[in-house]
Amino acid sequence: MREEMINLTLWQLGAAYVFILILLAIVRWRKIPREKQILIATIRMTLQLLIVGYILMLLFDNPHPLLTILVVAIMVAFSVRNISSRVRGELNKPLKRAILISMVAGSVVSLLYFNFIVIQLTPWYDPQYFIPIAGMIIGNSMTGVTLGVQTLLDGMNDQRQKVEAALMLGASPQAATKKWVNRAFDSAILPTINKMVGMGIVFLPGMMTGQILAGASPFIAVEYQIAILLGIIGSVSLTVILFVNLAYKVFFNERSQLLHNMGKS
Amino acid sequence: MFTFENVTYLDILHVPSLTIHEHQKTCIVGESGSGKSTFLKLLNHMISPSEGQILFRGKNIAERDPIAHRRDVAMLTQHPVLFGESVKDNLLAGVRFAEQEEPDENACKQAIERFRLYKSLDDEAENLSGGEQQRLALARITLMDSPVYLLDEPTSSLDEELEHEVMENFMTFAEERKKTVIFVTHSRSIAENFSDETIDFHKYTLKGEGSS
């Protein structure tokens with residue numbers, strides 16, 4: 001097996017941009033007005049990855065626990081902001097708080113378990129492992145919570161009459177919303193479950209492919225992939241269940257009356 | 001049983017003074033949008049007065065546990081709502097929400113037949129017509145052990161003959177068990193035939209709209 005991966009020269013990397021030129025030619029030929037977005041996306045992708053590359057190099061050369069914690073904190077903060085911006089309509093403060101608490105608690109607990117018990121990192125803050133793993137766990141939890149927020153908001157808005165009718169019969173807010181809370185949880189974890197089903201058959205996951213390209217044995221790459229996927233499903237479940245259990249309360253006041261704003265500000 | 005003391009709700013209704021008596025059948029009549037449904041929601045504590053207070057058995061509703069209060073004062077919405085798939089699931093939804101003892105199949109069957117709904121308990125509730133769903137909702141509430149029932153136009157989808165029969169059976173059930181019933185209706189004959197007292201809501205309405 002090859003120990004070193006092929007180092008791409010600038011010219012070789014540049015050659016890969018031919019695919020963008022092909023895409024631009026297609027949209028121009030078909031008169032699909034997407035050229036501007038394709039150009040912006042390409043430039044953003046290139047710049048963002050280059051910046052991340054330099055930052056990671058800097059972090060790897062100067063490992064420090066505080067730096068690792070800072071990067072993870074920034075990742076969580078961006079994910080929380082991202083969730084709020086991806087959901088239709090402006091969310092109210094209590095709902096944003098529920099997102100923040102669940103993202104911090106859910107992903108940090110999963111991350112710590114994964115790094116301390118599963119990978120057994122030494123030193124515990126080793127940025128080469130800690131940061132990419134944190135990225136995958138936080139990123140997937142973010143996708144899960146985004147789906148959870150949207151499904152819960154849609155469900156509560158569409159089924160307001162049902163929730164109200166249940167309350168009128170003496171249901172607790174928890175019982176009245178149980179169906180929509182469960183549905184939100186289900187829709188949040190389903191993509192991860194589907195990903196597990198298709199794994200290795202429909203597609204080779206990015207992390208595994210990257211490790212193989214970097215010269216790792218496919219078996220080790222597979223081991224890591226299995227572990228990280230299990231970590232992801234754990235983190236998504238934990239984050240989303242925390243979120244929905246905090247979020248349903250946002251729709252009610254202290255008298256268990258249904259509020260009018262329904263999570264929106 | 002209920003006493004209103006200078007109660008205002010937003011700019012929809014104002015009730016300076018009103019008493020609703022226990023074990024009675026009180027009918028609320030009034031134009032569309034006069035705040036009748038709002039009035040029932042105040043009694044059920046789904047909403048709270050902007051001013052004034054409502055006493056239930058001498059105690060301010062606002063000081064009661066809202067969930068426990070709604071289990072005592074169960075309310076049926078104007079449009080029937082389905083919970084679950086089968087007729088049985090729907091019948092048991094009320095007692096399950098209120099965490100009360102579940103009746104056996106025999107009692108479930110009797111409850112729907114009281115309202116002339118001759119269906120299997122395993123039938124899909126979604127296949128029932130609007131009128132049948134209303135009767136199913138009435139049967140659901142009778143299985144609950146609540147001293148007070150609030151009914152918001154419970155028979156609006158039924159034809160006159162069936163409407164009278166269903167209301168008669170409901171009121172007989174309520175009388176036998178010494179329940180208090182407060183109901184809203186548009187039908188003059190229902191109001192005349194099935195209530196001990198009628199409250200014309202016209203005098204409590206602040207403006208001619210805003211009911212819900």
# chains A, B, ... in the order shown; residues from 1 in each chain; ligands from 1
call {"tool": "residues_around", "arguments": {"residues": "B:Ser48", "least_positions_apart": "6", "cutoff": "8 Å", "atoms": "only C-alpha atoms", "output": "PDB file with C-alpha atoms, in the first residue's frame"}}
result
ATOM      1  CA  TYR B   9     -61.692  39.975  28.092  1.00  0.00           C
ATOM      2  CA  LEU B  42     -62.685  31.615  30.044  1.00  0.00           C
ATOM      3  CA  ALA B  62     -56.501  31.800  38.175  1.00  0.00           C
TER       4      ALA B  62
END
call {"tool": "interface_residues", "arguments": {"of": "chain B", "to": "chain A", "cutoff": "12 Å", "atoms": "only C-alpha atoms", "output": "JSON, numbers by chain"}}
result
{"B": [40, 41, 42, 43, 44, 45, 46, 47, 48, 61, 62, 63, 64, 65, 66, 67, 68, 69, 70, 71, 72, 73, 74, 75, 76, 77, 78, 79, 80, 81, 82, 83, 84, 90, 92, 93, 94, 95, 96, 97, 98, 99, 100, 137, 138, 140, 141, 142, 143, 144, 145, 146, 148, 149, 150, 151, 152, 212]}
call {"tool": "write_last_selection", "arguments": {"atoms": "C-alpha atoms", "output": "compact mmCIF listing (two decimals), in the first residue's frame"}}
result
# COMPACT_ATOMS: atom_id res chain seq x y z
CA LEU B 40 -66.53 29.05 27.37
CA LYS B 41 -62.75 29.30 27.02
CA LEU B 42 -62.68 31.61 30.04
CA LEU B 43 -64.60 29.01 32.05
CA ASN B 44 -62.20 26.28 30.86
CA HIS B 45 -59.19 28.52 31.67
CA MET B 46 -57.87 28.31 28.10
CA ILE B 47 -57.71 32.08 28.33
CA SER B 48 -57.63 34.42 31.32
CA ILE B 61 -59.85 30.01 38.62
CA ALA B 62 -56.50 31.80 38.17
CA GLU B 63 -55.33 30.27 41.46
CA ARG B 64 -56.29 26.71 40.50
CA ASP B 65 -53.97 24.26 38.75
CA PRO B 66 -55.04 24.88 35.12
CA ILE B 67 -54.79 21.22 34.10
CA ALA B 68 -56.74 19.99 37.13
CA HIS B 69 -59.32 22.70 36.45
CA ARG B 70 -59.81 21.57 32.84
CA ARG B 71 -60.24 18.00 34.02
CA ASP B 72 -63.10 19.25 36.22
CA VAL B 73 -64.49 21.54 33.52
CA ALA B 74 -64.05 19.64 30.26
CA MET B 75 -64.76 21.52 27.07
CA LEU B 76 -65.81 20.34 23.63
CA THR B 77 -64.79 22.50 20.66
CA GLN B 78 -67.21 23.60 18.00
CA HIS B 79 -65.49 21.59 15.28
CA PRO B 80 -64.97 17.97 16.25
CA VAL B 81 -61.32 16.97 16.48
CA LEU B 82 -60.05 13.44 15.94
CA PHE B 83 -57.38 11.92 18.14
CA GLY B 84 -55.93 8.67 16.85
CA ASN B 90 -60.98 8.59 19.84
CA LEU B 92 -60.56 6.97 25.03
CA ALA B 93 -58.60 10.13 24.15
CA GLY B 94 -60.39 12.24 26.78
CA VAL B 95 -59.84 9.88 29.71
CA ARG B 96 -56.25 9.35 28.59
CA PHE B 97 -55.55 13.08 28.42
CA ALA B 98 -57.18 13.60 31.80
CA GLU B 99 -55.35 10.54 33.23
CA GLN B 100 -58.64 9.01 34.34
CA ALA B 137 -66.79 13.79 20.36
CA LEU B 138 -69.89 13.95 22.59
CA ARG B 140 -65.84 10.91 24.27
CA ILE B 141 -66.64 13.60 26.79
CA THR B 142 -69.33 11.52 28.51
CA LEU B 143 -66.70 8.89 29.29
CA MET B 144 -64.75 11.49 31.25
CA ASP B 145 -65.42 11.88 34.93
CA SER B 146 -65.84 15.66 34.92
CA VAL B 148 -68.85 20.23 34.40
CA TYR B 149 -69.22 19.95 30.63
CA LEU B 150 -68.84 22.94 28.32
CA LEU B 151 -70.23 22.30 24.86
CA ASP B 152 -69.67 24.71 21.98
CA SER B 212 -63.11 32.33 18.74
call {"tool": "residues_around", "arguments": {"residues": "B:Thr19", "least_positions_apart": "2", "cutoff": "10 Å", "atoms": "only C-alpha atoms", "output": "list of chain:residue names"}}
result
B:Met1, B:Phe2, B:Thr3, B:Phe4, B:Glu5, B:Ser17, B:His21, B:Glu22, B:Ile54, B:Leu55
call {"tool": "select_by_dssp", "arguments": {"residues": "stretch 8-206 of chain B", "states": "alpha helix (DSSP H)", "output": "number ranges by chain"}}
result
B: 36-43, 66-72, 87-97, 105-113, 130-142, 160-176, 188-194
call {"tool": "atom_distance", "arguments": {"atom1": "atom CA of A:Gln225", "atom2": "atom CA of A:Ser107"}}
result
17.9 Å
call {"tool": "select_by_dssp", "arguments": {"residues": "stretch 59-102 of chain B", "states": "strand (DSSP E)", "output": "PDB file with C-alpha atoms, in the first residue's frame"}}
result
ATOM      1  CA  LYS B  59     -62.108  29.895  44.353  1.00  0.00           C
ATOM      2  CA  ASN B  60     -60.509  32.121  41.749  1.00  0.00           C
ATOM      3  CA  VAL B  73     -64.490  21.540  33.520  1.00  0.00           C
ATOM      4  CA  ALA B  74     -64.050  19.638  30.262  1.00  0.00           C
ATOM      5  CA  MET B  75     -64.763  21.520  27.068  1.00  0.00           C
ATOM      6  CA  LEU B  76     -65.811  20.338  23.630  1.00  0.00           C
TER       7      LEU B  76
END
call {"tool": "residues_around", "arguments": {"residues": "A:Leu190", "least_positions_apart": "2", "cutoff": "12 Å", "atoms": "only C-alpha atoms", "output": "PDB file with N, CA and C atoms, in the first residue's frame"}}
result
ATOM      1  N   ASN A 140     -23.648  17.590  12.132  1.00  0.00           N
ATOM      2  CA  ASN A 140     -24.802  16.699  11.975  1.00  0.00           C
ATOM      3  C   ASN A 140     -25.894  17.003  12.994  1.00  0.00           C
ATOM      4  N   THR A 143     -27.855  19.896  11.654  1.00  0.00           N
ATOM      5  CA  THR A 143     -28.834  19.503  10.632  1.00  0.00           C
ATOM      6  C   THR A 143     -30.059  18.872  11.299  1.00  0.00           C
ATOM      7  N   GLY A 144     -29.805  18.018  12.293  1.00  0.00           N
ATOM      8  CA  GLY A 144     -30.907  17.360  12.998  1.00  0.00           C
ATOM      9  C   GLY A 144     -31.812  18.364  13.686  1.00  0.00           C
ATOM     10  N   VAL A 145     -31.218  19.301  14.416  1.00  0.00           N
ATOM     11  CA  VAL A 145     -32.032  20.285  15.155  1.00  0.00           C
ATOM     12  C   VAL A 145     -32.791  21.186  14.175  1.00  0.00           C
ATOM     13  N   LEU A 147     -33.988  20.383  11.256  1.00  0.00           N
ATOM     14  CA  LEU A 147     -35.170  19.618  10.825  1.00  0.00           C
ATOM     15  C   LEU A 147     -36.195  19.537  11.950  1.00  0.00           C
ATOM     16  N   GLY A 148     -35.693  19.340  13.166  1.00  0.00           N
ATOM     17  CA  GLY A 148     -36.580  19.237  14.330  1.00  0.00           C
ATOM     18  C   GLY A 148     -37.356  20.524  14.555  1.00  0.00           C
ATOM     19  N   ARG A 183     -42.904  13.450  16.248  1.00  0.00           N
ATOM     20  CA  ARG A 183     -42.733  13.565  14.796  1.00  0.00           C
ATOM     21  C   ARG A 183     -41.491  14.412  14.471  1.00  0.00           C
ATOM     22  N   ALA A 184     -41.299  15.469  15.256  1.00  0.00           N
ATOM     23  CA  ALA A 184     -40.129  16.340  15.044  1.00  0.00           C
ATOM     24  C   ALA A 184     -38.847  15.554  15.310  1.00  0.00           C
ATOM     25  N   PHE A 185     -38.854  14.751  16.376  1.00  0.00           N
ATOM     26  CA  PHE A 185     -37.671  13.946  16.691  1.00  0.00           C
ATOM     27  C   PHE A 185     -37.405  12.949  15.568  1.00  0.00           C
ATOM     28  N   ASP A 186     -38.471  12.297  15.126  1.00  0.00           N
ATOM     29  CA  ASP A 186     -38.344  11.282  14.077  1.00  0.00           C
ATOM     30  C   ASP A 186     -37.774  11.885  12.783  1.00  0.00           C
ATOM     31  N   SER A 187     -38.311  13.040  12.392  1.00  0.00           N
ATOM     32  CA  SER A 187     -37.848  13.639  11.130  1.00  0.00           C
ATOM     33  C   SER A 187     -36.398  14.104  11.260  1.00  0.00           C
ATOM     34  N   ALA A 188     -35.971  14.403  12.492  1.00  0.00           N
ATOM     35  CA  ALA A 188     -34.598  14.864  12.683  1.00  0.00           C
ATOM     36  C   ALA A 188     -33.593  13.722  12.612  1.00  0.00           C
ATOM     37  N   THR A 192     -30.072  10.594   9.284  1.00  0.00           N
ATOM     38  CA  THR A 192     -28.881   9.895   9.779  1.00  0.00           C
ATOM     39  C   THR A 192     -29.076   8.382   9.687  1.00  0.00           C
ATOM     40  N   ILE A 193     -30.284   7.931   9.996  1.00  0.00           N
ATOM     41  CA  ILE A 193     -30.563   6.486   9.896  1.00  0.00           C
ATOM     42  C   ILE A 193     -30.452   6.053   8.430  1.00  0.00           C
ATOM     43  N   ASN A 194     -31.007   6.844   7.531  1.00  0.00           N
ATOM     44  CA  ASN A 194     -30.913   6.516   6.098  1.00  0.00           C
ATOM     45  C   ASN A 194     -29.464   6.507   5.628  1.00  0.00           C
ATOM     46  N   LYS A 195     -28.692   7.420   6.162  1.00  0.00           N
ATOM     47  CA  LYS A 195     -27.274   7.486   5.799  1.00  0.00           C
ATOM     48  C   LYS A 195     -26.579   6.183   6.214  1.00  0.00           C
ATOM     49  N   MET A 196     -26.945   5.685   7.390  1.00  0.00           N
ATOM     50  CA  MET A 196     -26.331   4.438   7.879  1.00  0.00           C
ATOM     51  C   MET A 196     -26.685   3.275   6.966  1.00  0.00           C
ATOM     52  N   VAL A 197     -27.936   3.260   6.512  1.00  0.00           N
ATOM     53  CA  VAL A 197     -28.394   2.155   5.656  1.00  0.00           C
ATOM     54  C   VAL A 197     -27.625   2.138   4.331  1.00  0.00           C
ATOM     55  N   ILE A 233     -24.968   9.606  15.335  1.00  0.00           N
ATOM     56  CA  ILE A 233     -26.373   9.266  15.637  1.00  0.00           C
ATOM     57  C   ILE A 233     -26.659   9.529  17.116  1.00  0.00           C
ATOM     58  N   VAL A 236     -26.892  13.378  17.501  1.00  0.00           N
ATOM     59  CA  VAL A 236     -28.138  13.904  16.905  1.00  0.00           C
ATOM     60  C   VAL A 236     -29.325  13.560  17.815  1.00  0.00           C
ATOM     61  N   SER A 237     -29.377  12.306  18.278  1.00  0.00           N
ATOM     62  CA  SER A 237     -30.518  11.899  19.124  1.00  0.00           C
ATOM     63  C   SER A 237     -30.546  12.723  20.409  1.00  0.00           C
ATOM     64  N   VAL A 240     -31.397  16.451  19.699  1.00  0.00           N
ATOM     65  CA  VAL A 240     -32.778  16.694  19.271  1.00  0.00           C
ATOM     66  C   VAL A 240     -33.771  16.380  20.393  1.00  0.00           C
TER      67      VAL A 240
END
